[in-house]
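Chemist: Please find protein.cif (mmCIF, C-alpha atoms (C1' of nucleotides)) on the next line:
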```cif
data_input
loop_
_atom_site.group_PDB
_atom_site.id
_atom_site.type_symbol
_atom_site.label_atom_id
_atom_site.label_comp_id
_atom_site.auth_asym_id
_atom_site.auth_seq_id
_atom_site.Cartn_x
_atom_site.Cartn_y
_atom_site.Cartn_z
ATOM 1 C CA MET A 13 -2.392 20.280 -32.414
ATOM 2 C CA ARG A 14 0.457 19.673 -30.033
ATOM 3 C CA PRO A 15 2.243 16.349 -30.465
ATOM 4 C CA PHE A 16 1.819 13.561 -27.979
ATOM 5 C CA LYS A 17 4.574 12.501 -25.679
ATOM 6 C CA HIS A 18 6.126 9.177 -26.530
ATOM 7 C CA PRO A 19 8.518 7.464 -24.141
ATOM 8 C CA HIS A 20 12.072 6.758 -25.161
ATOM 9 C CA PRO A 21 12.838 3.048 -25.599
ATOM 10 C CA ASP A 22 15.135 3.204 -22.583
ATOM 11 C CA ASP A 23 12.106 4.114 -20.526
ATOM 12 C CA PHE A 24 9.924 1.272 -21.732
ATOM 13 C CA VAL A 25 8.752 -0.897 -18.860
ATOM 14 C CA LEU A 26 8.124 -4.538 -19.623
ATOM 15 C CA GLU A 27 5.243 -4.823 -17.178
ATOM 16 C CA ARG A 28 3.501 -1.867 -18.765
ATOM 17 C CA VAL A 29 3.876 -3.277 -22.247
ATOM 18 C CA LEU A 30 2.481 -6.617 -21.148
ATOM 19 C CA TYR A 31 -0.373 -4.913 -19.358
ATOM 20 C CA ALA A 32 -1.221 -2.812 -22.389
ATOM 21 C CA LEU A 33 -1.379 -5.971 -24.484
ATOM 22 C CA SER A 34 -3.489 -7.882 -21.978
ATOM 23 C CA ASP A 35 -6.629 -6.044 -23.050
ATOM 24 C CA PRO A 36 -8.500 -7.578 -25.993
ATOM 25 C CA VAL A 37 -9.362 -4.224 -27.521
ATOM 26 C CA ARG A 38 -5.779 -3.020 -27.389
ATOM 27 C CA LEU A 39 -4.352 -6.305 -28.606
ATOM 28 C CA GLU A 40 -6.696 -6.106 -31.555
ATOM 29 C CA ILE A 41 -5.462 -2.609 -32.337
ATOM 30 C CA VAL A 42 -1.858 -3.758 -32.231
ATOM 31 C CA ARG A 43 -2.620 -6.733 -34.462
ATOM 32 C CA HIS A 44 -4.315 -4.465 -36.958
ATOM 33 C CA LEU A 45 -1.426 -2.016 -36.921
ATOM 34 C CA ALA A 46 0.972 -4.871 -37.532
ATOM 35 C CA GLN A 47 -0.688 -5.402 -40.876
ATOM 36 C CA VAL A 48 -1.394 -1.943 -42.190
ATOM 37 C CA ALA A 49 1.616 -0.121 -40.789
ATOM 38 C CA GLU A 50 -0.503 2.957 -40.207
ATOM 39 C CA ALA A 51 -4.119 3.703 -39.406
ATOM 40 C CA SER A 52 -6.294 6.469 -38.033
ATOM 41 C CA CYS A 53 -8.166 6.118 -34.761
ATOM 42 C CA GLY A 54 -11.413 5.974 -36.665
ATOM 43 C CA GLU A 55 -10.281 2.982 -38.683
ATOM 44 C CA LEU A 56 -9.459 1.133 -35.512
ATOM 45 C CA ASP A 57 -12.539 1.576 -33.393
ATOM 46 C CA GLY A 58 -14.924 -1.307 -33.772
ATOM 47 C CA GLY A 59 -17.938 0.912 -33.443
ATOM 48 C CA ARG A 60 -16.780 1.703 -29.917
ATOM 49 C CA PRO A 61 -17.175 5.192 -28.466
ATOM 50 C CA LYS A 62 -14.370 7.562 -29.273
ATOM 51 C CA SER A 63 -13.709 8.389 -25.657
ATOM 52 C CA SER A 64 -13.143 4.713 -24.912
ATOM 53 C CA MET A 65 -10.783 4.346 -27.820
ATOM 54 C CA SER A 66 -8.928 7.478 -26.871
ATOM 55 C CA HIS A 67 -8.235 5.886 -23.515
ATOM 56 C CA HIS A 68 -6.856 2.729 -25.095
ATOM 57 C CA PHE A 69 -4.646 4.652 -27.477
ATOM 58 C CA ARG A 70 -3.218 6.545 -24.582
ATOM 59 C CA VAL A 71 -2.338 3.331 -22.772
ATOM 60 C CA LEU A 72 -0.689 2.030 -25.931
ATOM 61 C CA ARG A 73 1.241 5.248 -26.414
ATOM 62 C CA ASP A 74 2.381 5.506 -22.793
ATOM 63 C CA SER A 75 3.676 1.957 -22.822
ATOM 64 C CA GLY A 76 5.666 2.618 -25.974
ATOM 65 C CA LEU A 77 3.758 0.291 -28.256
ATOM 66 C CA VAL A 78 2.206 2.883 -30.501
ATOM 67 C CA CYS A 79 3.183 6.210 -31.993
ATOM 68 C CA THR A 80 0.509 8.777 -32.755
ATOM 69 C CA TYR A 81 0.864 11.916 -34.813
ATOM 70 C CA GLY A 82 -1.642 14.342 -36.204
ATOM 71 C CA VAL A 83 -2.359 14.618 -39.909
ATOM 72 C CA GLY A 84 -4.980 17.176 -40.613
ATOM 73 C CA THR A 85 -7.938 16.480 -38.399
ATOM 74 C CA THR A 86 -7.084 12.825 -37.977
ATOM 75 C CA HIS A 87 -4.554 11.057 -35.823
ATOM 76 C CA MET A 88 -2.423 8.408 -37.426
ATOM 77 C CA ASN A 89 -1.132 5.508 -35.384
ATOM 78 C CA SER A 90 1.713 3.138 -36.048
ATOM 79 C CA LEU A 91 3.470 0.332 -34.243
ATOM 80 C CA ARG A 92 6.882 1.189 -32.816
ATOM 81 C CA ARG A 93 8.327 -2.048 -34.088
ATOM 82 C CA ALA A 94 11.984 -1.072 -34.211
ATOM 83 C CA ASP A 95 11.943 0.551 -30.791
ATOM 84 C CA LEU A 96 10.204 -2.440 -29.280
ATOM 85 C CA GLU A 97 12.556 -4.840 -30.983
ATOM 86 C CA SER A 98 15.567 -2.972 -29.668
ATOM 87 C CA ARG A 99 14.256 -2.963 -26.137
ATOM 88 C CA PHE A 100 12.461 -6.322 -26.004
ATOM 89 C CA PRO A 101 13.868 -8.476 -28.809
ATOM 90 C CA GLY A 102 11.431 -11.034 -30.128
ATOM 91 C CA LEU A 103 8.621 -10.066 -27.792
ATOM 92 C CA LEU A 104 6.284 -8.351 -30.208
ATOM 93 C CA GLN A 105 6.832 -10.961 -32.862
ATOM 94 C CA ALA A 106 6.070 -13.783 -30.443
ATOM 95 C CA ILE A 107 2.808 -12.086 -29.542
ATOM 96 C CA LEU A 108 1.826 -11.312 -33.120
ATOM 97 C CA ASP A 109 2.631 -14.834 -34.233
ATOM 98 C CA ASN A 110 -0.105 -16.180 -32.041
ATOM 99 C CA THR A 111 -3.212 -16.371 -34.152
ATOM 100 C CA ASP A 112 -5.209 -17.569 -31.187
ATOM 101 C CA ALA A 113 -5.812 -21.274 -31.765
ATOM 102 C CA MET B 977 -4.596 -32.160 -0.256
ATOM 103 C CA ARG B 978 -6.534 -32.207 -3.470
ATOM 104 C CA PRO B 979 -4.545 -31.212 -6.542
ATOM 105 C CA PHE B 980 -5.069 -27.859 -8.199
ATOM 106 C CA LYS B 981 -6.697 -27.489 -11.552
ATOM 107 C CA HIS B 982 -4.320 -26.549 -14.331
ATOM 108 C CA PRO B 983 -5.598 -25.496 -17.751
ATOM 109 C CA HIS B 984 -4.710 -27.488 -20.843
ATOM 110 C CA PRO B 985 -2.399 -25.658 -23.243
ATOM 111 C CA ASP B 986 -5.224 -25.508 -25.775
ATOM 112 C CA ASP B 987 -7.133 -23.406 -23.284
ATOM 113 C CA PHE B 988 -4.357 -20.925 -22.628
ATOM 114 C CA VAL B 989 -5.441 -17.384 -23.427
ATOM 115 C CA LEU B 990 -2.753 -14.982 -24.565
ATOM 116 C CA GLU B 991 -4.354 -11.986 -22.886
ATOM 117 C CA ARG B 992 -4.490 -13.833 -19.580
ATOM 118 C CA VAL B 993 -0.858 -14.831 -19.784
ATOM 119 C CA LEU B 994 0.190 -11.277 -20.552
ATOM 120 C CA TYR B 995 -1.950 -9.962 -17.760
ATOM 121 C CA ALA B 996 -0.498 -12.428 -15.276
ATOM 122 C CA LEU B 997 2.978 -11.273 -16.240
ATOM 123 C CA SER B 998 2.143 -7.583 -16.027
ATOM 124 C CA ASP B 999 2.345 -7.638 -12.245
ATOM 125 C CA PRO B 1000 5.827 -7.067 -10.804
ATOM 126 C CA VAL B 1001 5.367 -9.609 -8.039
ATOM 127 C CA ARG B 1002 4.230 -12.300 -10.429
ATOM 128 C CA LEU B 1003 6.883 -11.514 -12.985
ATOM 129 C CA GLU B 1004 9.469 -11.844 -10.252
ATOM 130 C CA ILE B 1005 8.076 -15.238 -9.327
ATOM 131 C CA VAL B 1006 8.261 -16.384 -12.923
ATOM 132 C CA ARG B 1007 11.811 -15.117 -13.278
ATOM 133 C CA HIS B 1008 12.814 -16.942 -10.149
ATOM 134 C CA LEU B 1009 11.178 -20.151 -11.308
ATOM 135 C CA ALA B 1010 13.014 -19.859 -14.606
ATOM 136 C CA GLN B 1011 16.245 -20.278 -12.704
ATOM 137 C CA VAL B 1012 15.501 -22.849 -10.054
ATOM 138 C CA ALA B 1013 13.057 -25.002 -11.997
ATOM 139 C CA GLU B 1014 11.114 -25.626 -8.804
ATOM 140 C CA ALA B 1015 10.409 -23.728 -5.599
ATOM 141 C CA SER B 1016 7.976 -23.705 -2.704
ATOM 142 C CA CYS B 1017 5.628 -20.800 -2.094
ATOM 143 C CA GLY B 1018 7.605 -19.884 0.978
ATOM 144 C CA GLU B 1019 10.795 -19.504 -1.018
ATOM 145 C CA LEU B 1020 9.079 -17.128 -3.366
ATOM 146 C CA ASP B 1021 7.369 -14.658 -1.078
ATOM 147 C CA GLY B 1022 9.509 -11.618 -0.488
ATOM 148 C CA GLY B 1023 8.320 -11.290 3.069
ATOM 149 C CA ARG B 1024 4.851 -10.695 1.699
ATOM 150 C CA PRO B 1025 1.777 -12.067 3.451
ATOM 151 C CA LYS B 1026 0.878 -15.603 2.511
ATOM 152 C CA SER B 1027 -2.652 -14.695 1.539
ATOM 153 C CA SER B 1028 -1.335 -12.178 -0.962
ATOM 154 C CA MET B 1029 1.056 -14.685 -2.434
ATOM 155 C CA SER B 1030 -1.609 -17.318 -2.609
ATOM 156 C CA HIS B 1031 -3.616 -14.968 -4.784
ATOM 157 C CA HIS B 1032 -0.719 -14.401 -7.148
ATOM 158 C CA PHE B 1033 0.010 -18.087 -7.466
ATOM 159 C CA ARG B 1034 -3.591 -18.690 -8.363
ATOM 160 C CA VAL B 1035 -3.424 -16.107 -11.157
ATOM 161 C CA LEU B 1036 -0.248 -17.716 -12.438
ATOM 162 C CA ARG B 1037 -1.795 -21.180 -12.308
ATOM 163 C CA ASP B 1038 -5.047 -20.147 -13.965
ATOM 164 C CA SER B 1039 -3.218 -18.506 -16.831
ATOM 165 C CA GLY B 1040 -1.150 -21.639 -17.410
ATOM 166 C CA LEU B 1041 2.198 -20.172 -16.459
ATOM 167 C CA VAL B 1042 2.821 -22.178 -13.334
ATOM 168 C CA CYS B 1043 2.140 -25.689 -12.126
ATOM 169 C CA THR B 1044 1.645 -26.319 -8.412
ATOM 170 C CA TYR B 1045 1.616 -29.656 -6.650
ATOM 171 C CA GLY B 1046 1.715 -30.616 -3.007
ATOM 172 C CA VAL B 1047 4.728 -32.244 -1.428
ATOM 173 C CA GLY B 1048 4.207 -32.870 2.225
ATOM 174 C CA THR B 1049 3.040 -29.659 3.835
ATOM 175 C CA THR B 1050 4.560 -27.484 1.152
ATOM 176 C CA HIS B 1051 3.465 -26.622 -2.356
ATOM 177 C CA MET B 1052 6.025 -26.812 -5.072
ATOM 178 C CA ASN B 1053 5.778 -24.561 -8.102
ATOM 179 C CA SER B 1054 7.336 -24.873 -11.504
ATOM 180 C CA LEU B 1055 7.193 -23.055 -14.818
ATOM 181 C CA ARG B 1056 5.195 -24.791 -17.539
ATOM 182 C CA ARG B 1057 7.880 -24.066 -20.080
ATOM 183 C CA ALA B 1058 7.098 -26.779 -22.604
ATOM 184 C CA ASP B 1059 3.368 -26.114 -22.547
ATOM 185 C CA LEU B 1060 3.917 -22.403 -22.965
ATOM 186 C CA GLU B 1061 6.415 -22.934 -25.732
ATOM 187 C CA SER B 1062 4.007 -25.179 -27.607
ATOM 188 C CA ARG B 1063 1.198 -22.674 -27.340
ATOM 189 C CA PHE B 1064 3.098 -19.378 -27.562
ATOM 190 C CA PRO B 1065 6.464 -20.128 -29.175
ATOM 191 C CA GLY B 1066 9.194 -17.745 -28.116
ATOM 192 C CA LEU B 1067 7.004 -15.685 -25.855
ATOM 193 C CA LEU B 1068 8.304 -16.776 -22.471
ATOM 194 C CA GLN B 1069 11.889 -16.646 -23.623
ATOM 195 C CA ALA B 1070 11.477 -13.132 -24.986
ATOM 196 C CA ILE B 1071 10.130 -12.035 -21.632
ATOM 197 C CA LEU B 1072 12.762 -13.810 -19.591
ATOM 198 C CA ASP B 1073 15.544 -12.445 -21.773
ATOM 199 C CA ASN B 1074 14.721 -8.939 -20.688
ATOM 200 C CA THR B 1075 16.918 -8.171 -17.725
ATOM 201 C CA ASP B 1076 15.304 -4.785 -17.352
ATOM 202 C CA ALA B 1077 17.829 -2.268 -18.645
ATOM 203 C "C1'" DT C 714 -2.852 -37.410 19.726
ATOM 204 C "C1'" DC C 715 -1.051 -32.839 20.012
ATOM 205 C "C1'" DC C 716 1.499 -29.359 17.839
ATOM 206 C "C1'" DA C 717 4.071 -26.766 14.498
ATOM 207 C "C1'" DT C 718 4.461 -25.794 9.573
ATOM 208 C "C1'" DT C 719 2.678 -24.506 5.047
ATOM 209 C "C1'" DG C 720 -0.749 -22.588 2.300
ATOM 210 C "C1'" DT C 721 -5.611 -21.871 1.088
ATOM 211 C "C1'" DT C 722 -10.018 -19.585 1.589
ATOM 212 C "C1'" DC C 723 -12.950 -15.958 3.250
ATOM 213 C "C1'" DG C 724 -14.241 -11.240 3.808
ATOM 214 C "C1'" DA C 725 -13.574 -6.484 3.634
ATOM 215 C "C1'" DA C 726 -11.124 -2.317 2.493
ATOM 216 C "C1'" DT C 727 -8.517 0.039 -1.002
ATOM 217 C "C1'" DA C 728 -6.904 0.994 -5.484
ATOM 218 C "C1'" DT C 729 -6.980 0.675 -10.541
ATOM 219 C "C1'" DT C 730 -9.320 0.259 -14.799
ATOM 220 C "C1'" DA C 731 -12.786 0.345 -18.193
ATOM 221 C "C1'" DT C 732 -16.599 2.573 -20.222
ATOM 222 C "C1'" DC C 733 -19.084 6.277 -22.116
ATOM 223 C "C1'" DG C 734 -21.685 10.778 -22.556
ATOM 224 C "C1'" DA C 735 -20.846 15.620 -22.819
ATOM 225 C "C1'" DA C 736 -18.051 19.431 -23.544
ATOM 226 C "C1'" DC C 737 -13.983 21.075 -25.720
ATOM 227 C "C1'" DA C 738 -10.003 21.710 -29.203
ATOM 228 C "C1'" DA C 739 -7.729 21.438 -33.759
ATOM 229 C "C1'" DC C 740 -8.034 21.360 -38.435
ATOM 230 C "C1'" DT C 741 -10.180 21.688 -43.303
ATOM 231 C "C1'" DG C 742 -13.148 23.232 -46.788
ATOM 232 C "C1'" DA C 743 -16.761 26.061 -48.502
ATOM 233 C "C1'" DT D 382 -16.011 32.933 -40.724
ATOM 234 C "C1'" DC D 383 -19.031 29.057 -40.190
ATOM 235 C "C1'" DA D 384 -19.861 24.258 -40.257
ATOM 236 C "C1'" DG D 385 -18.398 19.526 -40.273
ATOM 237 C "C1'" DT D 386 -14.995 16.001 -38.995
ATOM 238 C "C1'" DT D 387 -11.778 13.799 -35.844
ATOM 239 C "C1'" DG D 388 -10.195 12.985 -31.382
ATOM 240 C "C1'" DT D 389 -9.113 14.506 -26.669
ATOM 241 C "C1'" DT D 390 -10.299 15.630 -21.951
ATOM 242 C "C1'" DC D 391 -13.363 15.680 -18.088
ATOM 243 C "C1'" DG D 392 -16.372 13.502 -14.772
ATOM 244 C "C1'" DA D 393 -19.009 9.899 -13.057
ATOM 245 C "C1'" DT D 394 -20.124 5.029 -12.623
ATOM 246 C "C1'" DA D 395 -19.312 0.215 -12.701
ATOM 247 C "C1'" DA D 396 -16.332 -3.571 -12.786
ATOM 248 C "C1'" DT D 397 -11.882 -5.819 -11.387
ATOM 249 C "C1'" DA D 398 -7.762 -6.366 -8.774
ATOM 250 C "C1'" DT D 399 -4.748 -6.008 -4.945
ATOM 251 C "C1'" DT D 400 -3.817 -6.442 -0.256
ATOM 252 C "C1'" DC D 401 -3.950 -8.593 4.085
ATOM 253 C "C1'" DG D 402 -5.755 -10.323 8.628
ATOM 254 C "C1'" DA D 403 -8.249 -14.160 10.489
ATOM 255 C "C1'" DA D 404 -9.995 -18.621 10.291
ATOM 256 C "C1'" DC D 405 -9.474 -23.073 8.266
ATOM 257 C "C1'" DA D 406 -7.294 -27.469 6.126
ATOM 258 C "C1'" DA D 407 -3.653 -30.818 5.265
ATOM 259 C "C1'" DT D 408 0.566 -32.876 6.455
ATOM 260 C "C1'" DG D 409 4.321 -34.769 9.274
ATOM 261 C "C1'" DG D 410 6.846 -35.313 13.497
ATOM 262 C "C1'" DA D 411 7.322 -35.852 18.561
#
```
Write out the structure in this file as structure tokens.
Modeler:
Amino acid sequence: MRPFKHPHPDDFVLERVLYALSDPVRLEIVRHLAQVAEASCGELDGGRPKSSMSHHFRVLRDSGLVCTYGVGTTHMNSLRRADLESRFPGLLQAILDNTDA
Amino acid sequence: MRPFKHPHPDDFVLERVLYALSDPVRLEIVRHLAQVAEASCGELDGGRPKSSMSHHFRVLRDSGLVCTYGVGTTHMNSLRRADLESRFPGLLQAILDNTDA
DNA sequence: TCCATTGTTCGAATATTATCGAACAACTGA
DNA sequence: TCAGTTGTTCGATAATATTCGAACAATGGA
């Protein structure tokens, strides 16, 4: 299992991060990851097809929001909090703070 | 000139706001408005066709980011800072703080 | 009233995304 | 080595967005 490519914080693009978070499915993933610190893809699909989820994880990875690494047959995902904070201070927190109401 | 409809802060949707800001043209508009407090559509197009800009302003209005009102033959736009701050505290500031590098 | 200015709306073409089944790849355990 | 589990990749389809010219609407001034 070859590791995924994750962008360096210097290469994060604000527009891409915002776009990645503008999808309800992906925002839900990020919110979940903010609470558990780490979760497999399977734990994060809401009964959705794996191919769909794989797409969303890729968008999250490419934007710099999420880090994915293989552990056995599963892929573990985590939020890149520190990297995001260093590049876009306060952004992630402001988004996570919103409990939608 | 009938006034545009602007959503109430209670009806702001985080995903929509993030999506509106994920477009470079719209983000540029918002950044500009953050500095001048008020500007006409004409001041904000970068030589782009008016019909294109009109579309972007509508997205910004519908998401709650921008308020547009008619003054004579021109339309003035302003950032809905207070409304955004009340609904998504810190979000706009975190985005505006990023000077992209 | 006639005209120039400022934007909106309409319609169509193009581009991007989302979704999901099917096939494939990596790993583990028996 | 074989089977089961977990995800990825591929390919196609459907849905959404972007872009922009052309026609239209509202305003203000000459």
Chemist: Give as a list in words every residue of chain A that touches chain D within 9 Å, counting all atoms listed in the file.
Modeler: Cys53, Gly54, Lys62, Ser63, Ser66, Gly84, Thr85, Thr86 and His87 of chain A
Chemist: Identify every residue of chain C that has at least one atom within 8 Å of any atom of chain B, counting all atoms listed in the file, and report the result as a PDB file with C-alpha atoms (C1' of nucleotides), in the coordinates of the input.
Modeler:
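Written file, selection_16.pdb:
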```
ATOM      1  C1'  DT C 718       4.461 -25.794   9.573  1.00  0.00           C
ATOM      2  C1'  DT C 719       2.678 -24.506   5.047  1.00  0.00           C
ATOM      3  C1'  DG C 720      -0.749 -22.588   2.300  1.00  0.00           C
ATOM      4  C1'  DT C 721      -5.611 -21.871   1.088  1.00  0.00           C
TER       5       DT C 721
END
```
Chemist: Under the PyMOL selection byres ((chain A) within 10 of (chain B)), which residues of this model are included? Write them out as an MDAnalysis selection string.
Modeler: chainID A and resid 22:36 39 99:113
Chemist: When you draw a straight line from atom CA of A:Glu50 to atom CA of A:Leu91, how long is it in Å?
Modeler: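 We find that atom CA of A:Glu50 and atom CA of A:Leu91 lie 7.6 Å from each other.
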Chemist: Mind giving me the straight-line distance from atom CA of B:Asp1021 to atom CA of B:Asn1053 in Å, one decimal?
Modeler: 12.2 Å
Chemist: Work out how far apart atom CA of A:Val83 and atom CA of A:Phe16 are and give it in Å to one decimal.
Modeler: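 These atoms are spaced 12.7 Å apart.
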Chemist: For B:Arg1057, which of B:Met977, B:Ala1010, B:Leu1020, B:Ile1005 is the closest residue, counting all atoms listed in the file?
Modeler: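 Once distances to B:Arg1057 are computed over all atoms listed in the file, the minimum belongs to B:Ala1010.
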